[in-house]
Amino acid sequence: MQIGKNNASFGKRLFKNKGATIGLILIVINLLLAVFAYFFAPDNTSNANRIIAQIGSKQPGFSIQFLQLPKEHQVPASFFTQLLNGTTNNAQFVPITSHAIKGDSLVYEQFVDDGITERKAIKNTASINKSIRKQTFYLGTDKFGRDILSRLILGARVSLGVGLIAVIISLSIGILLGAIAGYFKGWVDDVVMWFTNVIWSIPTLLLVFAITLVLGKGFWQVFIAVGLTMWVNVARLVRGQVLAVRELEYIEATRALGYSDTRTIVKHILPNILGPVMVIAASNFASAIVIEAGLSFLGVGVQPPQPSWGLMIKENYNFIITHNPMLALAPGIAIMQLVLAFNLLGNGLRDALNVKAKL
């Protein structure tokens with residue numbers, strides 16, 4: 001009953017914090033967008049990689065009609081296939097400015113560039129008129145003619161994925177080493193802290209580069225590389241908390257009762273230091289998102305054509321000082337709002353758990 005009351009009061013304190021509530025809402029929205037990305041994205045092909053060169057680098061709000069010419073080989077996609085990988089591009093999208101039916105032919109003006117069109121004609125069928133649709137690119141298109149909004153939505157998968165995997169890896173290593181160092185003290189503590197300080201002394205990006213060179217470039221490699229560089233803060237925090245908790249009376253009682261060290265650590269110490277760990281996990285989540293974006297910007301993170309917010313900035317940062325700055329600003333704003341959301345949630349958790357009083 002007491003645990004239930006504590007959980008209820010923790011929830012009330014957390015949701016009283018407006019910043020934490022806003023952060024949690026933003027995280028939930030991003031999570032839903034990431035999971036159901038291919039159902040929200042206007043371009044639901046794999047990696048939102050439908051290239052239409054004629055409409056490259058268009059401004060936000062650009063609208064045009066498309067004549068969708070079906071390909072010979074149609075590949076149907078099941079619900080789960082579309083959920084995970086999107087659909088196959090089963091049609092050729094031809095941008096047009098106008099069309100008219102003349103006899104048994106459909107005559108259309110194919111868009112080539114601003115002010116330039118090319119007249120073409122195809123045989124008219126019952127399904128041709130249904131295949132002409134207007135599409136608006138609310139955030140514009142990149143230099144390859146891909147929809148920025150679709151790639152932005154899919155980019156949330158990479159950012160949340162790298163944050164989740166990195167936090168899991170960093171917590172697993174950090175809690176293990178920190179708990180061992182703090183509980184056993186002596187030479188065990190000296191060895192663990194020496195190793196921790198060595199890793200601490202290496203700049204984060206340099207260490208990530210080294211791990212990436214060993215593992216190679218790619219989607220999963222960057223997740224592991226980021227996770228292996230973020231456990232140091234967790235280990236130091238856990239060690240300090242365990243050093244304080246191990247001297248309390250109830251831990252002495254577990255020794256008197258003959259409990260094993262493993263049981264004492266897992267069942268009696270770790271549950272009582274989860275508050276500070278949750279706070280640093282939220283902080284590490286935000287840091288992982290920024291590190292992944294930086295790696296992708298430098299070309300050693302997620303590789304094209306898979307969309308990543310950092311990679312989108314790299315591909316389009318030249319447009320900041322030209323006619324279409326939104327190509328680079330949109331992914332930058334996406335990174336900012338997600339990092340801000342985790343920082344706000346971390347601050348809310350710190351206040352709700354009264355972490356300051358424990359440190």
# chains A, B, ... in the order shown; residues from 1 in each chain; ligands from 1
$ residues_around --residues "Phe144 in chain A" --least-positions-apart "3" --cutoff "6 Å" --atoms "only C-alpha atoms" --output "ChimeraX atom specification"
/A:51,53,56
$ residues_around --residues "Leu213 in chain A" --least-positions-apart "6" --cutoff "10 Å" --atoms "only C-alpha atoms" --output "list in words"
Leu207, Gln221, Ala225 and Val300 of chain A
$ write_last_selection --atoms "N, CA and C atoms" --output "short mmCIF file (atom, residue, chain, number, x, y, z; two decimals), in the first residue's frame"
data_model
loop_
_atom_site.label_atom_id
_atom_site.label_comp_id
_atom_site.auth_asym_id
_atom_site.auth_seq_id
_atom_site.Cartn_x
_atom_site.Cartn_y
_atom_site.Cartn_z
N LEU A 207 36.33 8.70 -29.50
CA LEU A 207 36.07 7.31 -29.14
C LEU A 207 35.02 6.69 -30.06
N GLN A 221 25.62 -0.24 -36.27
CA GLN A 221 26.95 0.06 -35.75
C GLN A 221 26.98 1.37 -34.97
N ALA A 225 28.09 1.96 -31.13
CA ALA A 225 29.21 2.87 -30.88
C ALA A 225 28.84 3.96 -29.89
N VAL A 300 29.86 9.40 -40.89
CA VAL A 300 30.25 8.10 -40.32
C VAL A 300 29.09 7.46 -39.55
#
$ select_by_dssp --residues "range 226-345 of chain A" --states "helix (DSSP H, G or I)" --output "CSV table (one decimal) with N, CA and C atoms, in the first residue's frame"
chain,number,residue,atom,x,y,z
A,226,VAL,N,27.7,4.5,-30.0
A,226,VAL,CA,27.2,5.6,-29.1
A,226,VAL,C,27.0,5.0,-27.7
A,227,GLY,N,26.4,3.8,-27.7
A,227,GLY,CA,26.1,3.2,-26.4
A,227,GLY,C,27.4,2.9,-25.6
A,231,TRP,N,28.5,5.0,-21.0
A,231,TRP,CA,28.3,4.3,-19.7
A,231,TRP,C,29.1,4.9,-18.5
A,232,VAL,N,30.1,5.8,-18.9
A,232,VAL,CA,31.0,6.3,-17.8
A,232,VAL,C,30.2,7.1,-16.8
A,233,ASN,N,29.4,8.0,-17.2
A,233,ASN,CA,28.6,8.8,-16.3
A,233,ASN,C,27.7,8.0,-15.4
A,234,VAL,N,27.2,6.9,-16.0
A,234,VAL,CA,26.3,6.0,-15.2
A,234,VAL,C,27.1,5.3,-14.2
A,235,ALA,N,28.3,4.8,-14.6
A,235,ALA,CA,29.1,4.0,-13.6
A,235,ALA,C,29.5,4.9,-12.4
A,236,ARG,N,29.9,6.1,-12.7
A,236,ARG,CA,30.4,7.0,-11.6
A,236,ARG,C,29.2,7.3,-10.7
A,237,LEU,N,28.0,7.6,-11.2
A,237,LEU,CA,26.9,7.9,-10.4
A,237,LEU,C,26.5,6.7,-9.6
A,238,VAL,N,26.4,5.5,-10.2
A,238,VAL,CA,25.9,4.3,-9.5
A,238,VAL,C,26.9,4.0,-8.4
A,239,ARG,N,28.2,4.1,-8.6
A,239,ARG,CA,29.2,3.9,-7.6
A,239,ARG,C,29.0,4.7,-6.4
A,240,GLY,N,28.8,6.0,-6.6
A,240,GLY,CA,28.6,7.0,-5.5
A,240,GLY,C,27.3,6.6,-4.7
A,241,GLN,N,26.3,6.3,-5.4
A,241,GLN,CA,25.0,5.9,-4.7
A,241,GLN,C,25.2,4.6,-3.9
A,242,VAL,N,25.9,3.6,-4.5
A,242,VAL,CA,26.0,2.4,-3.8
A,242,VAL,C,26.9,2.5,-2.6
A,243,LEU,N,28.0,3.4,-2.7
A,243,LEU,CA,28.9,3.6,-1.5
A,243,LEU,C,28.1,4.2,-0.4
A,244,ALA,N,27.1,5.0,-0.7
A,244,ALA,CA,26.3,5.6,0.4
A,244,ALA,C,25.3,4.6,1.0
A,245,VAL,N,24.6,3.9,0.1
A,245,VAL,CA,23.6,3.0,0.5
A,245,VAL,C,24.1,1.7,1.3
A,249,GLU,N,21.6,0.6,7.6
A,249,GLU,CA,21.4,-0.5,8.5
A,249,GLU,C,20.7,-1.7,7.8
A,250,TYR,N,19.8,-1.5,6.8
A,250,TYR,CA,19.1,-2.6,6.2
A,250,TYR,C,20.1,-3.4,5.3
A,251,ILE,N,21.2,-2.8,4.8
A,251,ILE,CA,22.2,-3.5,4.1
A,251,ILE,C,23.0,-4.4,5.0
A,252,GLU,N,23.3,-3.8,6.2
A,252,GLU,CA,24.0,-4.6,7.2
A,252,GLU,C,23.2,-5.8,7.6
A,253,ALA,N,21.9,-5.6,7.7
A,253,ALA,CA,21.0,-6.7,8.1
A,253,ALA,C,21.0,-7.8,7.1
A,254,THR,N,21.1,-7.5,5.8
A,254,THR,CA,21.2,-8.5,4.8
A,254,THR,C,22.4,-9.4,4.9
A,255,ARG,N,23.5,-8.7,5.3
A,255,ARG,CA,24.8,-9.5,5.6
A,255,ARG,C,24.6,-10.4,6.8
A,256,ALA,N,24.0,-9.8,7.8
A,256,ALA,CA,23.8,-10.6,9.0
A,256,ALA,C,22.9,-11.9,8.8
A,261,ASP,N,26.1,-11.6,-1.9
A,261,ASP,CA,26.3,-10.3,-2.4
A,261,ASP,C,25.5,-9.9,-3.6
A,262,THR,N,25.3,-10.9,-4.5
A,262,THR,CA,24.5,-10.7,-5.7
A,262,THR,C,23.0,-10.3,-5.3
A,263,ARG,N,22.4,-11.1,-4.4
A,263,ARG,CA,21.1,-10.8,-3.9
A,263,ARG,C,21.0,-9.4,-3.3
A,264,THR,N,22.0,-9.1,-2.5
A,264,THR,CA,22.0,-7.8,-1.8
A,264,THR,C,22.0,-6.6,-2.8
A,265,ILE,N,22.9,-6.8,-3.8
A,265,ILE,CA,23.0,-5.7,-4.8
A,265,ILE,C,21.7,-5.6,-5.6
A,266,VAL,N,21.3,-6.7,-6.2
A,266,VAL,CA,20.2,-6.7,-7.1
A,266,VAL,C,18.8,-6.4,-6.4
A,267,LYS,N,18.6,-7.0,-5.3
A,267,LYS,CA,17.2,-6.8,-4.7
A,267,LYS,C,17.1,-5.7,-3.7
A,268,HIS,N,18.2,-5.3,-3.1
A,268,HIS,CA,18.1,-4.4,-2.0
A,268,HIS,C,18.8,-3.0,-2.2
A,269,ILE,N,19.9,-3.0,-3.1
A,269,ILE,CA,20.6,-1.8,-3.3
A,269,ILE,C,20.0,-1.1,-4.6
A,270,LEU,N,20.1,-1.8,-5.7
A,270,LEU,CA,19.7,-1.2,-7.0
A,270,LEU,C,18.3,-0.6,-7.0
A,271,PRO,N,17.3,-1.3,-6.5
A,271,PRO,CA,15.9,-0.6,-6.5
A,271,PRO,C,15.9,0.7,-5.8
A,272,ASN,N,16.8,0.9,-4.8
A,272,ASN,CA,16.7,2.2,-4.0
A,272,ASN,C,17.6,3.3,-4.6
A,273,ILE,N,18.3,3.0,-5.8
A,273,ILE,CA,19.0,4.1,-6.4
A,273,ILE,C,18.6,4.3,-7.8
A,274,LEU,N,17.3,3.8,-8.1
A,274,LEU,CA,16.8,4.0,-9.5
A,274,LEU,C,16.5,5.4,-9.9
A,275,GLY,N,16.2,6.2,-8.8
A,275,GLY,CA,15.8,7.6,-9.1
A,275,GLY,C,16.9,8.4,-9.9
A,276,PRO,N,18.1,8.5,-9.3
A,276,PRO,CA,19.2,9.2,-10.0
A,276,PRO,C,19.5,8.5,-11.4
A,277,VAL,N,19.4,7.2,-11.4
A,277,VAL,CA,19.7,6.4,-12.7
A,277,VAL,C,18.7,6.8,-13.8
A,278,MET,N,17.4,7.0,-13.4
A,278,MET,CA,16.4,7.4,-14.4
A,278,MET,C,16.7,8.8,-14.9
A,279,VAL,N,17.1,9.7,-14.1
A,279,VAL,CA,17.4,11.0,-14.5
A,279,VAL,C,18.6,11.0,-15.5
A,280,ILE,N,19.7,10.3,-15.2
A,280,ILE,CA,20.8,10.3,-16.1
A,280,ILE,C,20.5,9.5,-17.3
A,281,ALA,N,19.6,8.6,-17.3
A,281,ALA,CA,19.1,7.9,-18.5
A,281,ALA,C,18.5,8.9,-19.5
A,282,ALA,N,17.6,9.7,-18.9
A,282,ALA,CA,17.0,10.7,-19.8
A,282,ALA,C,18.0,11.7,-20.4
A,283,SER,N,19.0,12.1,-19.6
A,283,SER,CA,20.0,12.9,-20.1
A,283,SER,C,20.9,12.2,-21.2
A,284,ASN,N,21.2,11.0,-21.0
A,284,ASN,CA,21.9,10.2,-22.0
A,284,ASN,C,21.2,10.0,-23.2
A,285,PHE,N,19.8,9.9,-23.1
A,285,PHE,CA,19.0,9.7,-24.3
A,285,PHE,C,19.2,11.0,-25.2
A,286,ALA,N,19.1,12.2,-24.6
A,286,ALA,CA,19.2,13.4,-25.3
A,286,ALA,C,20.6,13.5,-25.9
A,287,SER,N,21.7,13.1,-25.1
A,287,SER,CA,23.0,13.2,-25.6
A,287,SER,C,23.2,12.3,-26.8
A,288,ALA,N,22.6,11.1,-26.8
A,288,ALA,CA,22.8,10.1,-27.8
A,288,ALA,C,22.2,10.6,-29.1
A,289,ILE,N,21.1,11.3,-29.0
A,289,ILE,CA,20.4,11.9,-30.2
A,289,ILE,C,21.4,12.9,-30.9
A,290,VAL,N,22.0,13.7,-30.1
A,290,VAL,CA,22.9,14.8,-30.6
A,290,VAL,C,24.1,14.1,-31.2
A,291,ILE,N,24.7,13.1,-30.5
A,291,ILE,CA,25.9,12.4,-31.0
A,291,ILE,C,25.6,11.7,-32.4
A,292,GLU,N,24.5,11.1,-32.4
A,292,GLU,CA,24.1,10.4,-33.7
A,292,GLU,C,24.0,11.4,-34.8
A,293,ALA,N,23.3,12.5,-34.5
A,293,ALA,CA,23.2,13.5,-35.6
A,293,ALA,C,24.5,14.1,-36.0
A,294,GLY,N,25.4,14.3,-35.1
A,294,GLY,CA,26.8,14.7,-35.4
A,294,GLY,C,27.5,13.7,-36.3
A,295,LEU,N,27.4,12.4,-35.9
A,295,LEU,CA,28.1,11.4,-36.7
A,295,LEU,C,27.5,11.3,-38.1
A,296,SER,N,26.2,11.4,-38.2
A,296,SER,CA,25.6,11.3,-39.6
A,296,SER,C,26.0,12.5,-40.4
A,297,PHE,N,26.1,13.7,-39.7
A,297,PHE,CA,26.5,14.9,-40.4
A,297,PHE,C,27.9,14.8,-40.9
A,298,LEU,N,28.8,14.1,-40.2
A,298,LEU,CA,30.2,13.9,-40.6
A,298,LEU,C,30.4,12.7,-41.5
A,309,TRP,N,18.2,12.7,-39.3
A,309,TRP,CA,18.1,14.2,-39.2
A,309,TRP,C,19.5,14.8,-39.4
A,310,GLY,N,20.5,14.2,-38.9
A,310,GLY,CA,21.9,14.7,-39.1
A,310,GLY,C,22.3,14.6,-40.5
A,311,LEU,N,22.0,13.5,-41.2
A,311,LEU,CA,22.3,13.3,-42.6
A,311,LEU,C,21.6,14.3,-43.5
A,312,MET,N,20.3,14.6,-43.1
A,312,MET,CA,19.5,15.6,-43.9
A,312,MET,C,20.2,17.0,-43.8
A,313,ILE,N,20.7,17.3,-42.6
A,313,ILE,CA,21.4,18.6,-42.5
A,313,ILE,C,22.6,18.7,-43.3
A,314,LYS,N,23.4,17.6,-43.3
A,314,LYS,CA,24.6,17.5,-44.2
A,314,LYS,C,24.3,17.7,-45.6
A,315,GLU,N,23.2,17.0,-46.1
A,315,GLU,CA,22.9,17.1,-47.5
A,315,GLU,C,22.4,18.4,-47.9
A,316,ASN,N,21.8,19.2,-47.0
A,316,ASN,CA,21.1,20.4,-47.4
A,316,ASN,C,21.6,21.7,-46.7
A,317,TYR,N,22.7,21.6,-45.9
A,317,TYR,CA,23.1,22.8,-45.2
A,317,TYR,C,23.6,24.0,-46.1
A,318,ASN,N,24.0,23.7,-47.3
A,318,ASN,CA,24.3,24.8,-48.2
A,318,ASN,C,23.1,25.7,-48.6
A,319,PHE,N,21.9,25.1,-48.4
A,319,PHE,CA,20.7,25.9,-48.8
A,319,PHE,C,20.4,26.9,-47.7
A,320,ILE,N,21.1,26.9,-46.5
A,320,ILE,CA,20.7,27.8,-45.4
A,320,ILE,C,20.9,29.3,-45.9
A,321,ILE,N,21.9,29.5,-46.7
A,321,ILE,CA,22.2,30.9,-47.2
A,321,ILE,C,21.7,31.2,-48.6
A,326,MET,N,14.8,26.0,-45.4
A,326,MET,CA,14.0,25.1,-44.6
A,326,MET,C,14.5,23.6,-44.8
A,327,LEU,N,15.3,23.4,-45.9
A,327,LEU,CA,15.8,22.0,-46.1
A,327,LEU,C,16.7,21.6,-45.0
A,328,ALA,N,17.5,22.5,-44.4
A,328,ALA,CA,18.4,22.2,-43.3
A,328,ALA,C,17.8,22.6,-42.0
A,329,LEU,N,16.9,23.6,-42.0
A,329,LEU,CA,16.4,24.1,-40.7
A,329,LEU,C,15.4,23.1,-40.1
A,330,ALA,N,14.6,22.4,-41.0
A,330,ALA,CA,13.6,21.5,-40.5
A,330,ALA,C,14.2,20.3,-39.7
A,331,PRO,N,15.2,19.6,-40.2
A,331,PRO,CA,15.8,18.6,-39.4
A,331,PRO,C,16.5,19.1,-38.1
A,332,GLY,N,17.0,20.3,-38.2
A,332,GLY,CA,17.6,20.9,-37.0
A,332,GLY,C,16.6,21.2,-36.0
A,333,ILE,N,15.4,21.7,-36.4
A,333,ILE,CA,14.4,22.0,-35.4
A,333,ILE,C,13.9,20.7,-34.8
A,334,ALA,N,13.8,19.6,-35.6
A,334,ALA,CA,13.3,18.3,-35.1
A,334,ALA,C,14.3,17.8,-34.1
A,335,ILE,N,15.6,17.9,-34.3
A,335,ILE,CA,16.6,17.5,-33.3
A,335,ILE,C,16.4,18.3,-32.0
A,336,MET,N,16.2,19.6,-32.2
A,336,MET,CA,16.1,20.5,-31.0
A,336,MET,C,14.9,20.1,-30.1
A,337,GLN,N,13.8,19.9,-30.8
A,337,GLN,CA,12.6,19.6,-30.0
A,337,GLN,C,12.6,18.3,-29.2
A,338,LEU,N,13.3,17.3,-29.9
A,338,LEU,CA,13.4,16.0,-29.2
A,338,LEU,C,14.4,16.0,-28.1
A,339,VAL,N,15.5,16.7,-28.3
A,339,VAL,CA,16.5,16.8,-27.2
A,339,VAL,C,15.9,17.6,-26.1
A,340,LEU,N,15.2,18.7,-26.4
A,340,LEU,CA,14.6,19.6,-25.3
A,340,LEU,C,13.6,18.7,-24.6
A,341,ALA,N,12.8,17.9,-25.2
A,341,ALA,CA,11.8,17.1,-24.6
A,341,ALA,C,12.4,16.2,-23.5
A,342,PHE,N,13.5,15.5,-23.9
A,342,PHE,CA,14.2,14.6,-22.9
A,342,PHE,C,14.9,15.4,-21.8
A,343,ASN,N,15.4,16.5,-22.1
A,343,ASN,CA,16.0,17.3,-21.0
A,343,ASN,C,14.9,17.8,-20.0
A,344,LEU,N,13.7,18.3,-20.6
A,344,LEU,CA,12.6,18.7,-19.7
A,344,LEU,C,12.1,17.5,-18.9
A,345,LEU,N,12.0,16.3,-19.5
A,345,LEU,CA,11.6,15.2,-18.7
A,345,LEU,C,12.6,14.8,-17.6
$ residues_around --residues "Leu31 in chain A" --least-positions-apart "3" --cutoff "8 Å" --atoms "only C-alpha atoms" --output "ChimeraX atom specification"
/A:27-28,34-35,156-157,160
$ closest_residue --among "A:Asp113, A:Gly11, A:Leu24, A:Thr87" --to "Gln54 in chain A" --atoms "only C-alpha atoms"
A:Asp113
$ atom_distance --atom1 "CA of Ile25 in chain A" --atom2 "CA of Ser308 in chain A"
22.0 Å
$ select_by_dssp --residues "range 95-341 of chain A" --states "strand (DSSP E)" --output "PyMOL selection string"
chain A and resi 95-102+105-113+116-123+132-137
$ write_last_selection --atoms "C-alpha atoms" --output "mmCIF file, in the first residue's frame"
data_model
loop_
_atom_site.group_PDB
_atom_site.id
_atom_site.type_symbol
_atom_site.label_atom_id
_atom_site.label_comp_id
_atom_site.auth_asym_id
_atom_site.auth_seq_id
_atom_site.Cartn_x
_atom_site.Cartn_y
_atom_site.Cartn_z
ATOM 1 C CA PRO A 95 5.020 15.663 -62.675
ATOM 2 C CA ILE A 96 2.575 17.466 -64.989
ATOM 3 C CA THR A 97 1.184 20.985 -65.234
ATOM 4 C CA SER A 98 -1.923 20.237 -67.306
ATOM 5 C CA HIS A 99 -3.656 17.418 -69.154
ATOM 6 C CA ALA A 100 -6.476 16.887 -71.625
ATOM 7 C CA ILE A 101 -8.166 13.957 -73.345
ATOM 8 C CA LYS A 102 -8.029 14.088 -77.137
ATOM 9 C CA SER A 105 -5.099 9.721 -76.037
ATOM 10 C CA LEU A 106 -4.264 11.607 -72.882
ATOM 11 C CA VAL A 107 -2.153 14.635 -73.736
ATOM 12 C CA TYR A 108 -0.226 16.190 -70.879
ATOM 13 C CA GLU A 109 2.449 18.824 -70.258
ATOM 14 C CA GLN A 110 5.284 17.179 -68.342
ATOM 15 C CA PHE A 111 6.995 19.502 -65.884
ATOM 16 C CA VAL A 112 10.721 19.763 -66.629
ATOM 17 C CA ASP A 113 11.738 22.891 -64.707
ATOM 18 C CA ILE A 116 9.717 24.608 -68.958
ATOM 19 C CA THR A 117 7.341 21.804 -69.972
ATOM 20 C CA GLU A 118 7.324 19.023 -72.546
ATOM 21 C CA ARG A 119 4.147 17.859 -74.301
ATOM 22 C CA LYS A 120 3.581 14.103 -74.301
ATOM 23 C CA ALA A 121 0.714 11.725 -74.959
ATOM 24 C CA ILE A 122 -0.245 8.224 -73.857
ATOM 25 C CA LYS A 123 -3.151 5.943 -74.643
ATOM 26 C CA ILE A 132 -3.708 11.848 -61.771
ATOM 27 C CA ARG A 133 -3.378 13.313 -58.277
ATOM 28 C CA LYS A 134 -2.244 16.586 -56.810
ATOM 29 C CA GLN A 135 0.363 16.523 -54.045
ATOM 30 C CA THR A 136 1.535 19.307 -51.775
ATOM 31 C CA PHE A 137 5.040 19.187 -50.299
#
$ residues_around --residues "Ala48 in chain A" --least-positions-apart "3" --cutoff "12 Å" --atoms "only C-alpha atoms" --output "PyMOL selection string"
chain A and resi 37-45+51-52+82+85-89+141-142+144-155+304-308
$ atom_distance --atom1 "CA of Gly301 in chain A" --atom2 "CA of Phe219 in chain A"
7.1 Å
$ atom_distance --atom1 "CA of Gly103 in chain A" --atom2 "CA of Gln68 in chain A"
20.5 Å
$ closest_residue --among "A:Gly348, A:Gly161, A:Pro325, A:Trp200" --to "Val222 in chain A" --atoms "only C-alpha atoms"
A:Gly161
$ residues_around --residues "Pro60 in chain A" --least-positions-apart "5" --cutoff "7 Å" --atoms "only C-alpha atoms" --output "ChimeraX atom specification"
/A:137-140
$ decode --residues "range 248-329 of chain A" --atoms "C-alpha atoms" --output "compact mmCIF listing (two decimals), in the first residue's frame"
# COMPACT_ATOMS: atom_id res chain seq x y z
CA LEU A 248 22.83 1.80 5.84
CA GLU A 249 21.36 -0.52 8.48
CA TYR A 250 19.13 -2.58 6.21
CA ILE A 251 22.15 -3.55 4.08
CA GLU A 252 24.01 -4.57 7.22
CA ALA A 253 20.97 -6.68 8.07
CA THR A 254 21.18 -8.54 4.75
CA ARG A 255 24.79 -9.47 5.55
CA ALA A 256 23.80 -10.63 9.02
CA LEU A 257 21.08 -12.82 7.49
CA GLY A 258 23.66 -14.42 5.21
CA TYR A 259 22.30 -13.12 1.90
CA SER A 260 24.68 -13.37 -1.05
CA ASP A 261 26.35 -10.26 -2.41
CA THR A 262 24.47 -10.65 -5.69
CA ARG A 263 21.08 -10.77 -3.94
CA THR A 264 21.97 -7.77 -1.79
CA ILE A 265 23.00 -5.70 -4.79
CA VAL A 266 20.16 -6.71 -7.12
CA LYS A 267 17.23 -6.84 -4.69
CA HIS A 268 18.14 -4.36 -1.97
CA ILE A 269 20.56 -1.75 -3.33
CA LEU A 270 19.70 -1.18 -7.01
CA PRO A 271 15.93 -0.65 -6.49
CA ASN A 272 16.74 2.15 -4.04
CA ILE A 273 19.03 4.07 -6.39
CA LEU A 274 16.84 3.97 -9.52
CA GLY A 275 15.81 7.61 -9.10
CA PRO A 276 19.17 9.15 -10.05
CA VAL A 277 19.66 6.45 -12.69
CA MET A 278 16.36 7.41 -14.38
CA VAL A 279 17.45 11.04 -14.48
CA ILE A 280 20.83 10.30 -16.06
CA ALA A 281 19.14 7.89 -18.50
CA ALA A 282 16.96 10.74 -19.78
CA SER A 283 20.04 12.94 -20.08
CA ASN A 284 21.94 10.21 -21.95
CA PHE A 285 19.00 9.74 -24.30
CA ALA A 286 19.25 13.40 -25.32
CA SER A 287 23.03 13.20 -25.65
CA ALA A 288 22.79 10.08 -27.83
CA ILE A 289 20.45 11.87 -30.25
CA VAL A 290 22.89 14.77 -30.61
CA ILE A 291 25.90 12.45 -31.03
CA GLU A 292 24.11 10.38 -33.70
CA ALA A 293 23.15 13.54 -35.58
CA GLY A 294 26.77 14.72 -35.43
CA LEU A 295 28.08 11.39 -36.67
CA SER A 296 25.61 11.31 -39.55
CA PHE A 297 26.51 14.91 -40.42
CA LEU A 298 30.18 13.92 -40.57
CA GLY A 299 29.38 10.90 -42.75
CA VAL A 300 30.25 8.10 -40.32
CA GLY A 301 26.75 7.48 -38.98
CA VAL A 302 23.61 6.34 -40.78
CA GLN A 303 24.28 5.93 -44.49
CA PRO A 304 22.08 7.08 -47.42
CA PRO A 305 19.39 6.57 -48.52
CA GLN A 306 18.17 5.89 -44.97
CA PRO A 307 16.86 9.18 -43.57
CA SER A 308 18.56 10.64 -40.51
CA TRP A 309 18.13 14.17 -39.23
CA GLY A 310 21.89 14.71 -39.08
CA LEU A 311 22.32 13.33 -42.60
CA MET A 312 19.54 15.61 -43.88
CA ILE A 313 21.37 18.62 -42.47
CA LYS A 314 24.59 17.48 -44.15
CA GLU A 315 22.86 17.07 -47.52
CA ASN A 316 21.13 20.44 -47.37
CA TYR A 317 23.14 22.83 -45.17
CA ASN A 318 24.32 24.76 -48.23
CA PHE A 319 20.75 25.92 -48.76
CA ILE A 320 20.72 27.85 -45.45
CA ILE A 321 22.19 30.92 -47.15
CA THR A 322 20.31 30.42 -50.42
CA HIS A 323 16.69 30.37 -51.48
CA ASN A 324 15.49 27.39 -49.41
CA PRO A 325 16.87 27.31 -45.83
CA MET A 326 14.01 25.05 -44.62
CA LEU A 327 15.79 22.03 -46.12
CA ALA A 328 18.37 22.23 -43.33
CA LEU A 329 16.36 24.07 -40.69
